Each structure stands twice: as structure tokens, then as C-alpha cells.
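**Q** For reference, the file model.txt (compact mmCIF, C-alpha atoms) is included below:
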```
# COMPACT_ATOMS: atom_id res chain seq x y z
CA MET A 21 77.28 93.58 85.35
CA PHE A 22 80.53 95.55 85.67
CA LEU A 23 83.96 94.18 86.48
CA VAL A 24 86.25 96.66 88.25
CA THR A 25 89.83 95.44 88.53
CA GLY A 26 91.69 97.11 91.37
CA GLY A 27 88.22 97.76 92.76
CA ALA A 28 89.38 97.85 96.38
CA GLY A 29 92.06 100.41 95.56
CA PHE A 30 91.88 104.18 95.51
CA ILE A 31 90.26 105.07 92.21
CA GLY A 32 88.64 101.66 91.85
CA SER A 33 86.74 101.87 95.14
CA ASN A 34 85.52 105.35 94.24
CA ILE A 35 84.18 103.91 90.96
CA VAL A 36 82.39 101.17 92.90
CA ALA A 37 80.92 103.83 95.21
CA SER A 38 79.66 105.85 92.25
CA LEU A 39 78.05 102.80 90.62
CA ASN A 40 76.38 101.88 93.92
CA GLU A 41 75.09 105.43 94.31
CA ALA A 42 73.58 105.11 90.83
CA GLY A 43 71.70 102.01 92.00
CA ARG A 44 74.07 99.42 90.53
CA THR A 45 74.87 96.53 92.84
CA ASP A 46 75.89 94.14 90.04
CA VAL A 47 79.53 95.16 90.45
CA VAL A 48 82.30 92.59 90.70
CA VAL A 49 85.62 93.56 92.24
CA ASN A 50 88.90 91.95 91.23
CA ASP A 51 91.67 92.77 93.70
CA MET A 52 93.83 91.67 96.61
CA LEU A 53 93.08 92.99 100.10
CA GLY A 54 96.19 91.90 101.99
CA ASP A 55 96.32 92.13 105.77
CA GLU A 56 96.05 95.91 106.11
CA ALA A 57 92.95 98.15 106.14
CA LYS A 58 92.37 98.21 102.39
CA TRP A 59 89.08 96.35 102.90
CA ARG A 60 87.67 99.50 104.49
CA ASN A 61 87.60 101.12 101.04
CA LEU A 62 84.69 98.77 100.26
CA ALA A 63 83.14 98.51 103.73
CA LYS A 64 80.20 100.76 102.82
CA ARG A 65 79.62 99.18 99.42
CA GLN A 66 77.58 96.34 97.97
CA ILE A 67 79.22 94.10 95.41
CA ALA A 68 78.07 90.99 93.58
CA ASP A 69 81.37 89.11 93.88
CA PHE A 70 85.00 89.51 94.89
CA VAL A 71 87.47 87.74 92.61
CA PRO A 72 91.17 87.38 93.48
CA PRO A 73 93.62 87.78 90.60
CA SER A 74 94.46 84.07 90.59
CA ASP A 75 90.81 83.23 89.81
CA LEU A 76 90.11 85.94 87.25
CA ALA A 77 90.63 83.93 84.06
CA ARG A 78 88.40 81.12 85.32
CA TRP A 79 85.76 83.57 86.50
CA LEU A 80 85.66 85.36 83.15
CA ASP A 81 85.13 82.15 81.19
CA GLY A 82 81.67 82.28 79.63
CA ARG A 83 80.73 85.61 81.25
CA LYS A 84 78.78 88.43 79.68
CA LEU A 85 79.69 91.83 81.11
CA GLU A 86 78.47 95.36 80.50
CA ALA A 87 82.03 96.67 80.75
CA VAL A 88 85.47 95.93 82.15
CA ILE A 89 86.89 98.89 84.06
CA HIS A 90 90.54 98.00 84.47
CA MET A 91 92.14 100.02 87.27
CA GLY A 92 94.27 97.23 88.73
CA ALA A 93 98.05 97.67 88.59
CA ILE A 94 101.23 97.92 90.61
CA SER A 95 101.20 101.71 90.78
CA ASP A 96 104.30 102.27 92.92
CA THR A 97 106.59 104.53 90.91
CA THR A 98 109.57 103.19 92.88
CA ALA A 99 108.81 99.51 92.10
CA ARG A 100 111.90 97.58 90.98
CA ASP A 101 110.67 94.02 90.33
CA GLY A 102 110.41 94.23 86.54
CA ASP A 103 108.95 90.76 86.07
CA LEU A 104 106.19 91.36 88.61
CA VAL A 105 105.33 94.79 87.19
CA MET A 106 105.23 93.47 83.63
CA GLU A 107 102.98 90.57 84.59
CA ASN A 108 100.52 92.80 86.47
CA ASN A 109 100.60 95.99 84.40
CA PHE A 110 101.29 94.76 80.86
CA ARG A 111 100.50 91.09 80.33
CA LEU A 112 97.31 91.08 82.42
CA SER A 113 96.12 94.16 80.53
CA LEU A 114 96.78 92.38 77.23
CA ARG A 115 94.79 89.34 78.38
CA LEU A 116 91.86 91.54 79.39
CA LEU A 117 92.03 93.41 76.08
CA ASP A 118 91.96 90.07 74.23
CA TRP A 119 89.00 88.88 76.30
CA CYS A 120 87.08 92.12 75.74
CA THR A 121 87.84 91.91 72.02
CA GLU A 122 86.69 88.30 71.78
CA THR A 123 83.49 88.92 73.76
CA GLN A 124 82.91 92.42 72.37
CA THR A 125 82.87 93.96 75.81
CA PRO A 126 83.65 97.67 76.41
CA PHE A 127 87.09 98.16 77.95
CA ILE A 128 88.16 101.22 79.96
CA TYR A 129 91.62 101.11 81.48
CA ALA A 130 94.03 103.17 83.55
CA SER A 131 97.12 104.43 81.81
CA SER A 132 99.14 107.12 83.58
CA ALA A 133 100.70 110.55 83.23
CA ALA A 134 103.91 108.74 84.22
CA THR A 135 104.13 107.69 80.56
CA TYR A 136 105.19 111.27 79.74
CA GLY A 137 108.36 110.98 81.79
CA GLU A 138 109.96 114.34 82.51
CA GLY A 139 107.62 115.97 80.01
CA GLU A 140 110.21 117.09 77.48
CA GLN A 141 107.74 116.07 74.76
CA GLY A 142 104.92 117.95 76.49
CA PHE A 143 101.77 116.48 78.00
CA THR A 144 99.55 116.21 74.92
CA ASP A 145 97.59 112.98 74.55
CA ASP A 146 98.30 112.45 70.88
CA ASN A 147 97.18 108.90 70.02
CA ALA A 148 99.29 108.64 66.86
CA PRO A 149 101.79 105.74 67.10
CA ALA A 150 104.69 108.01 66.11
CA ALA A 151 103.81 110.51 68.85
CA LEU A 152 103.50 107.81 71.50
CA ARG A 153 106.88 106.38 70.57
CA GLN A 154 108.51 109.73 71.37
CA LEU A 155 107.57 109.48 75.06
CA LYS A 156 110.27 108.52 77.56
CA PRO A 157 108.92 107.28 80.91
CA MET A 158 111.27 107.78 83.83
CA ASN A 159 110.38 104.69 85.88
CA LEU A 160 109.35 101.05 85.54
CA TYR A 161 105.71 101.77 86.35
CA GLY A 162 105.41 104.47 83.66
CA TRP A 163 107.20 102.25 81.13
CA SER A 164 104.83 99.33 81.76
CA LYS A 165 101.82 101.57 81.17
CA HIS A 166 103.44 103.08 78.09
CA LEU A 167 104.06 99.64 76.60
CA PHE A 168 100.39 98.75 76.89
CA ASP A 169 99.31 102.06 75.31
CA LEU A 170 101.66 101.31 72.41
CA ALA A 171 100.39 97.75 72.00
CA LEU A 172 96.77 98.86 71.97
CA ILE A 173 97.30 101.74 69.55
CA ASP A 174 99.33 99.45 67.27
CA ARG A 175 96.29 97.17 67.00
CA VAL A 176 94.11 100.15 66.16
CA ALA A 177 96.59 101.41 63.54
CA ARG A 178 96.72 97.95 61.94
CA LYS A 179 92.89 97.87 61.91
CA GLN A 180 92.83 94.72 63.99
CA LYS A 181 89.69 93.68 65.81
CA MET A 182 89.07 95.67 69.00
CA PRO A 183 86.40 95.91 71.70
CA PRO A 184 83.34 97.87 70.54
CA HIS A 185 84.25 100.67 72.94
CA TRP A 186 87.65 101.31 74.50
CA ALA A 187 89.40 104.14 76.33
CA GLY A 188 92.71 104.61 78.10
CA LEU A 189 93.03 107.23 80.81
CA LYS A 190 96.26 109.02 81.65
CA PHE A 191 95.61 110.06 85.23
CA PHE A 192 97.57 113.00 86.56
CA ASN A 193 97.90 113.70 90.32
CA VAL A 194 94.71 112.24 91.76
CA TYR A 195 93.84 112.79 95.42
CA GLY A 196 90.84 112.14 97.63
CA PRO A 197 89.20 109.66 100.01
CA ASN A 198 90.26 105.99 100.13
CA GLU A 199 93.91 106.64 99.19
CA TYR A 200 95.19 105.95 102.71
CA HIS A 201 96.47 102.42 102.02
CA LYS A 202 98.85 103.75 99.34
CA GLY A 203 101.53 104.75 101.85
CA ALA A 204 104.33 106.67 100.18
CA MET A 205 102.31 106.81 96.95
CA ALA A 206 99.39 108.66 98.59
CA SER A 207 98.98 112.38 97.94
CA VAL A 208 101.07 114.85 99.91
CA LEU A 209 97.86 116.19 101.42
CA SER A 210 96.86 112.81 102.79
CA LYS A 211 100.33 112.14 104.20
CA VAL A 212 100.78 115.44 106.02
CA PHE A 213 97.26 116.02 107.33
CA ALA A 214 97.50 114.26 110.70
CA GLY A 215 100.72 116.04 111.61
CA ALA A 216 99.40 119.40 110.49
CA LYS A 217 96.26 118.99 112.58
CA ALA A 218 98.45 118.10 115.55
CA GLY A 219 100.32 121.40 115.13
CA GLN A 220 103.41 120.16 113.35
CA PRO A 221 104.78 122.16 110.42
CA VAL A 222 104.29 120.71 106.95
CA LYS A 223 107.61 120.10 105.23
CA LEU A 224 107.82 120.94 101.54
CA PHE A 225 110.84 120.82 99.29
CA LYS A 226 112.92 123.88 98.63
CA SER A 227 113.42 124.73 95.00
CA HIS A 228 116.76 123.98 93.40
CA ARG A 229 115.97 125.73 90.13
CA ASP A 230 116.32 129.41 89.36
CA GLY A 231 113.05 131.27 88.98
CA ILE A 232 110.99 128.75 90.95
CA GLY A 233 110.20 129.48 94.58
CA ASP A 234 110.29 127.03 97.47
CA GLY A 235 107.19 124.83 97.42
CA GLU A 236 106.30 126.16 93.98
CA GLN A 237 106.87 122.89 92.17
CA ARG A 238 103.61 122.39 90.29
CA ARG A 239 101.37 119.45 89.50
CA ASP A 240 98.05 118.96 87.77
CA PHE A 241 96.11 117.94 90.88
CA ILE A 242 92.68 116.41 90.18
CA TYR A 243 90.10 115.39 92.78
CA VAL A 244 89.02 111.75 92.57
CA ASP A 245 85.34 112.70 92.14
CA ASP A 246 86.25 114.43 88.87
CA VAL A 247 88.16 111.35 87.70
CA VAL A 248 85.14 109.15 88.40
CA ALA A 249 82.90 111.60 86.55
CA VAL A 250 85.06 111.18 83.42
CA ILE A 251 84.90 107.39 83.71
CA ARG A 252 81.12 107.39 84.18
CA TRP A 253 80.78 109.66 81.14
CA LEU A 254 82.87 107.28 79.06
CA ILE A 255 80.76 104.31 80.17
CA ASP A 256 77.68 106.19 78.94
CA THR A 257 79.30 107.42 75.70
CA PRO A 258 80.15 104.31 73.69
CA LYS A 259 80.99 106.19 70.50
CA VAL A 260 84.12 107.69 72.10
CA ASN A 261 87.35 105.71 71.78
CA GLY A 262 90.91 106.87 72.47
CA ILE A 263 93.58 107.56 75.06
CA PHE A 264 92.80 110.67 77.07
CA ASN A 265 94.54 112.81 79.68
CA VAL A 266 92.54 113.04 82.88
CA GLY A 267 93.63 116.16 84.71
CA THR A 268 92.24 119.63 85.23
CA GLY A 269 94.47 121.28 82.64
CA GLN A 270 95.70 123.66 85.35
CA ALA A 271 98.96 123.20 87.28
CA GLU A 272 98.96 124.25 90.95
CA SER A 273 101.81 124.32 93.43
CA PHE A 274 102.29 122.11 96.44
CA ARG A 275 102.22 125.28 98.50
CA ASP A 276 98.79 126.13 97.05
CA MET A 277 97.48 122.73 98.10
CA ILE A 278 98.86 122.92 101.64
CA GLN A 279 97.65 126.48 102.13
CA ALA A 280 94.17 125.31 101.08
CA MET A 281 94.40 122.53 103.69
CA PHE A 282 95.23 125.00 106.47
CA LYS A 283 92.39 127.24 105.32
CA ALA A 284 89.98 124.31 105.58
CA LEU A 285 91.27 123.70 109.11
CA GLY A 286 90.79 127.36 109.97
CA ARG A 287 94.49 127.83 110.75
CA PRO A 288 97.31 129.98 109.38
CA PRO A 289 99.77 128.13 107.15
CA ASN A 290 102.61 126.42 109.00
CA ILE A 291 105.14 125.32 106.37
CA ASP A 292 108.85 124.56 106.60
CA TYR A 293 110.95 124.26 103.44
CA VAL A 294 113.61 121.54 103.46
CA ASP A 295 116.36 120.61 101.03
CA MET A 296 115.40 118.08 98.42
CA PRO A 297 117.53 114.92 98.75
CA GLU A 298 120.38 115.02 96.26
CA SER A 299 119.49 111.49 95.14
CA ILE A 300 116.27 112.69 93.50
CA ARG A 301 117.17 116.23 92.41
CA GLY A 302 118.22 115.18 88.94
CA GLN A 303 114.94 113.40 88.17
CA TYR A 304 112.43 115.47 90.12
CA GLN A 305 109.59 116.93 88.05
CA TYR A 306 108.97 120.62 88.65
CA PHE A 307 105.92 120.90 86.42
CA THR A 308 103.11 118.74 85.05
CA GLN A 309 99.98 120.05 83.36
CA SER A 310 97.66 117.99 81.23
CA SER A 311 96.33 119.04 77.89
CA ILE A 312 92.61 118.18 78.03
CA GLU A 313 91.63 119.35 74.55
CA ASN A 314 91.37 115.74 73.38
CA LEU A 315 88.76 115.00 76.06
CA ARG A 316 86.91 118.22 75.26
CA ARG A 317 86.85 117.41 71.54
CA ALA A 318 85.39 114.04 72.39
CA GLY A 319 82.46 115.84 74.02
CA TYR A 320 83.27 115.95 77.73
CA ASN A 321 82.13 119.39 78.83
CA ALA A 322 81.88 119.09 82.62
CA GLY A 323 84.07 121.30 84.77
CA PHE A 324 86.69 120.28 87.32
CA THR A 325 86.55 121.12 91.01
CA PRO A 326 88.91 124.04 91.82
CA LEU A 327 91.81 123.07 94.07
CA GLU A 328 90.76 125.09 97.11
CA LYS A 329 87.19 123.79 96.98
CA ALA A 330 88.25 120.17 96.43
CA VAL A 331 90.81 120.30 99.24
CA GLY A 332 88.15 121.78 101.51
CA GLN A 333 85.76 118.95 100.67
CA TYR A 334 88.44 116.34 101.28
CA VAL A 335 89.56 117.82 104.59
CA THR A 336 86.17 118.55 106.13
CA GLY A 337 84.33 115.59 104.62
CA TYR A 338 86.93 112.87 105.15
CA LEU A 339 90.40 113.62 106.56
CA ASP A 340 89.10 115.52 109.58
CA ARG A 341 86.52 112.90 110.52
CA ASP A 342 86.73 109.70 112.54
CA ASP A 343 85.46 107.78 109.53
CA ARG A 344 87.62 108.87 106.59
CA TYR A 345 86.23 106.40 104.08
CA LYS A 346 83.82 106.95 101.24
```
Would you mind giving the structure from this file in C-alpha cells?
**A**
Amino acid sequence: MFLVTGGAGFIGSNIVASLNEAGRTDVVVNDMLGDEAKWRNLAKRQIADFVPPSDLARWLDGRKLEAVIHMGAISDTTARDGDLVMENNFRLSLRLLDWCTETQTPFIYASSAATYGEGEQGFTDDNAPAALRQLKPMNLYGWSKHLFDLALIDRVARKQKMPPHWAGLKFFNVYGPNEYHKGAMASVLSKVFAGAKAGQPVKLFKSHRDGIGDGEQRRDFIYVDDVVAVIRWLIDTPKVNGIFNVGTGQAESFRDMIQAMFKALGRPPNIDYVDMPESIRGQYQYFTQSSIENLRRAGYNAGFTPLEKAVGQYVTGYLDRDDRYK
């Protein structure tokens, strides 16, 4: 039996889908659905139980699980309630780590590329405590994830007891089906698609840095299917422990992504470039690109879906259909 925290969310529901497709129905989801359409992320899936966060500790008592896949978190990079973020992103993660250690249960959890901050230290997933301490997250969400990475690696460095298999995943810019409930935190592609299909121009930010063109701000975009493939590989590879970047290792521009969307729609690009709000210009990232050598050294040798192909799959298979859910 698998426990997937955040299992009704974006990445979590895609993990549940993958496990179902592999014939596993003994999947328990820990999440909150709220009163929006988040439940639709699981509408096509079979699960063994649904556990709200308030019942998780009681539910875990005496359980034997194959693995805990911990994707649950407050992932809003603009979140400001520090106490709430720390309880959900840091302290809950510590309690799950303790439980997995005590019961000797494999533990795979979501960290974030937000731990790198502006990237002045680069984007290399060096697990050494001294290297981690050099990182400077730019927001509360990234800091909460960074604190947990530090706490876990400190235990490893001190040779304290750990789960038999553990892995932290620093997700870069993930996009794909079932992200629609994320609102402002959804991918640019998801947010602009309906307007673009209706004939409206897509608005991208102008560049305010010399040498970088309008819409040429770059991110390491990774399709959610590739993220799930890494997680499934880790589940099946218990000898691999560590914190790993999960990106493609190739930065692409927002313009590249939107042009790929128009190509999938069979239309010429229709893009307007607008001034970036002054309030965010000083902290806006112009470039992120993961180093994936750590994952490769660990033995992961699968490829990643090229941007144009992945965008095409997302548009034609989900965004441009009446039923957008996986």
C-alpha cells in the first residue's frame, strides 16, 4: 500500500494515475479537496482510502506501508502566513520522516527548485550540508522546503537512523494535466490557453535586462509525465538515496513554450509583450536550469520529453478537450 500526500493535487494526482495504470489500487490519498473542482483530479482513479490531514496521525498508527510519497505542501510562492506554511511544509514533513524512520518505510518527498533562490549559487543539487547552507531562497515557500532539506541532510551527516530508502526531489517548472486548480501558481501555458484559443493575444513580459529579448526569460520546463517517471524509478530503485534536481537540464524561453502552443493549435503566434510590474522587477528570475548529473550518476538514464512535443501532447490531449483531466 502506498500513501500519497497531496494526492489530489497536481503532481500527486498524476502519481496516483500512474500507480493505477500499473495495476495498483492500494493507494491512499492524504489531502484536502475544498469546495472547488480539485476532486476532478481523482475522478478517474481508484483509491483505497482518502485521509484528511487532521486524521493522518491516527490513520498511520500501526500501519505498514510500501512507501510514503510526500507531495503535500502549501506551494504558493506568494504565501505570507509563516506559521501555516511552517506547520504544513516543515513540521508535517518532519513527523512523516520520523514515522518512516521508526517503521522503516521508504520516504520520497517534494523539495523545490525554489530553494535555490535567485540562483546566484547555481542550480547544482549538492547534498553536502555546507553547500546546502549557501542557498538563499527568495520566498517563504522556498525557505520552508530548504529548512526540511537541511534537517534531513543533517540527520544523514550525523549518521542518525533514517528510513531504508529516502529521496528529496527539487522540482523545476512542472506543467501538464490536473494543474488547473492551482490558479495563479499554474503554468503560464495553462493560464493563457483559453484566451489564446478564443483569439486573444498572449501577454508575455518584456525584458528589462540588456542582452535578453522580450519573452526570452528562460525556465527549465518539465512535463509532469517525466516527473512521475523519475518518482516511479525511485520507488523501484531502493539503493538510491539523496536530494535530486528534477528538470530537463535545458532552459527554454516562455516565448518558445507559447509558440509551441500556437503550433499545436495550428495557428500563427499571437503574442503581445507588456512591461513587467515594477514591484517584481527586482526579484524576477530570468534564468533557471537544473543540473541533472546527480540523477544521472544515480542511474536514471531515461530521456525527457522535448518542449515542443510535450506542449503538443498537453494541448491536443488535454487543454483542447472538453475533459481536460487525466
**Q** Out of A:Ala150, A:Met277, A:Lys211, A:Ala134, which residue has the shortest atom-to-atom distance to Asp96 (chain A) when counting all atoms listed in the file?
**A**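 Nearest candidate to Asp96 (chain A) out of A:Ala150, A:Met277, A:Lys211, A:Ala134: A:Ala134.
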**Q** Given the point (99.2, 105.9, 100.8) in the file's coordinates, find the residues that have an atom at most 12 Å from it, counting all atoms listed in the file, and give them as a PyMOL selection string.
**A** chain A and resi 29-30+56-58+95-96+194-212
**Q** Can you tell me, as an MDAnalysis selection string, what residues are no more than 9 Å from region 97-105 of chain A when counting all atoms listed in the file, ignoring any on the same chain fewer than 6 positions away?
**A** chainID A and resid 134 159:162 164 205
**Q** So which one's closest to Gly319 (chain A), A:Asn261, A:Gln333, A:Phe307, A:Tyr338? Using all atoms listed in the file, please.
**A**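 Nearest candidate to Gly319 (chain A) out of A:Asn261, A:Gln333, A:Phe307, A:Tyr338: A:Asn261.
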**Q** Calculate how many Å separate CA of Lys165 (chain A) from CA of Val36 (chain A), rounding to one decimal.
**A**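 Spanning CA of Lys165 (chain A) to CA of Val36 (chain A) is a straight-line distance of 22.7 Å.
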**Q** I'd like the neighbourhood of Val294 (chain A) as a JSON list (two decimals) with C-alpha atoms, keeping the file's coordinate frame, where a residue qualifies if any of its atoms comes within 7 Å (using all atoms listed in the file), though same-chain residues fewer than 6 positions away should be ignored.
**A**
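selection29.json, freshly written:
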```
[["chain", "number", "residue", "atom", "x", "y", "z"],
["A", 223, "LYS", "CA", 107.61, 120.10, 105.23],
["A", 224, "LEU", "CA", 107.82, 120.94, 101.54],
["A", 225, "PHE", "CA", 110.84, 120.82, 99.29],
["A", 226, "LYS", "CA", 112.92, 123.88, 98.63]]
```
**Q** Find the spatial neighbours of Pro184 (chain A), counting only C-alpha atoms, within a cut-off of 12 Å - ignore same-chain residues fewer than 4 positions away - and output them as an mmCIF file with C-alpha atoms, in the frame of the given file.
**A**
```cif
data_model
loop_
_atom_site.group_PDB
_atom_site.id
_atom_site.type_symbol
_atom_site.label_atom_id
_atom_site.label_comp_id
_atom_site.auth_asym_id
_atom_site.auth_seq_id
_atom_site.Cartn_x
_atom_site.Cartn_y
_atom_site.Cartn_z
ATOM 1 C CA GLU A 86 78.470 95.360 80.500
ATOM 2 C CA ALA A 87 82.030 96.670 80.750
ATOM 3 C CA VAL A 88 85.470 95.930 82.150
ATOM 4 C CA LEU A 117 92.030 93.410 76.080
ATOM 5 C CA CYS A 120 87.080 92.120 75.740
ATOM 6 C CA THR A 121 87.840 91.910 72.020
ATOM 7 C CA GLU A 122 86.690 88.300 71.780
ATOM 8 C CA THR A 123 83.490 88.920 73.760
ATOM 9 C CA GLN A 124 82.910 92.420 72.370
ATOM 10 C CA THR A 125 82.870 93.960 75.810
ATOM 11 C CA PRO A 126 83.650 97.670 76.410
ATOM 12 C CA PHE A 127 87.090 98.160 77.950
ATOM 13 C CA ILE A 128 88.160 101.220 79.960
ATOM 14 C CA VAL A 176 94.110 100.150 66.160
ATOM 15 C CA GLN A 180 92.830 94.720 63.990
ATOM 16 C CA ILE A 255 80.760 104.310 80.170
ATOM 17 C CA THR A 257 79.300 107.420 75.700
ATOM 18 C CA PRO A 258 80.150 104.310 73.690
ATOM 19 C CA LYS A 259 80.990 106.190 70.500
ATOM 20 C CA VAL A 260 84.120 107.690 72.100
ATOM 21 C CA ASN A 261 87.350 105.710 71.780
ATOM 22 C CA GLY A 262 90.910 106.870 72.470
#
```
**Q** Hey, can you check how far CA of Arg83 (chain A) sits from CA of Leu39 (chain A)?
**A**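 Between these atoms lies a distance of 19.8 Å.
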**Q** Taking all atoms listed in the file into account, which of A:Gly137, A:Ala280, A:Trp253, A:Val331 comes nearest Tyr304 (chain A)?
**A** A:Gly137
**Q** Would you work out the distance separating CA of Tyr136 (chain A) from CA of Val222 (chain A), expressed in Å to one decimal?
**A** 28.8 Å
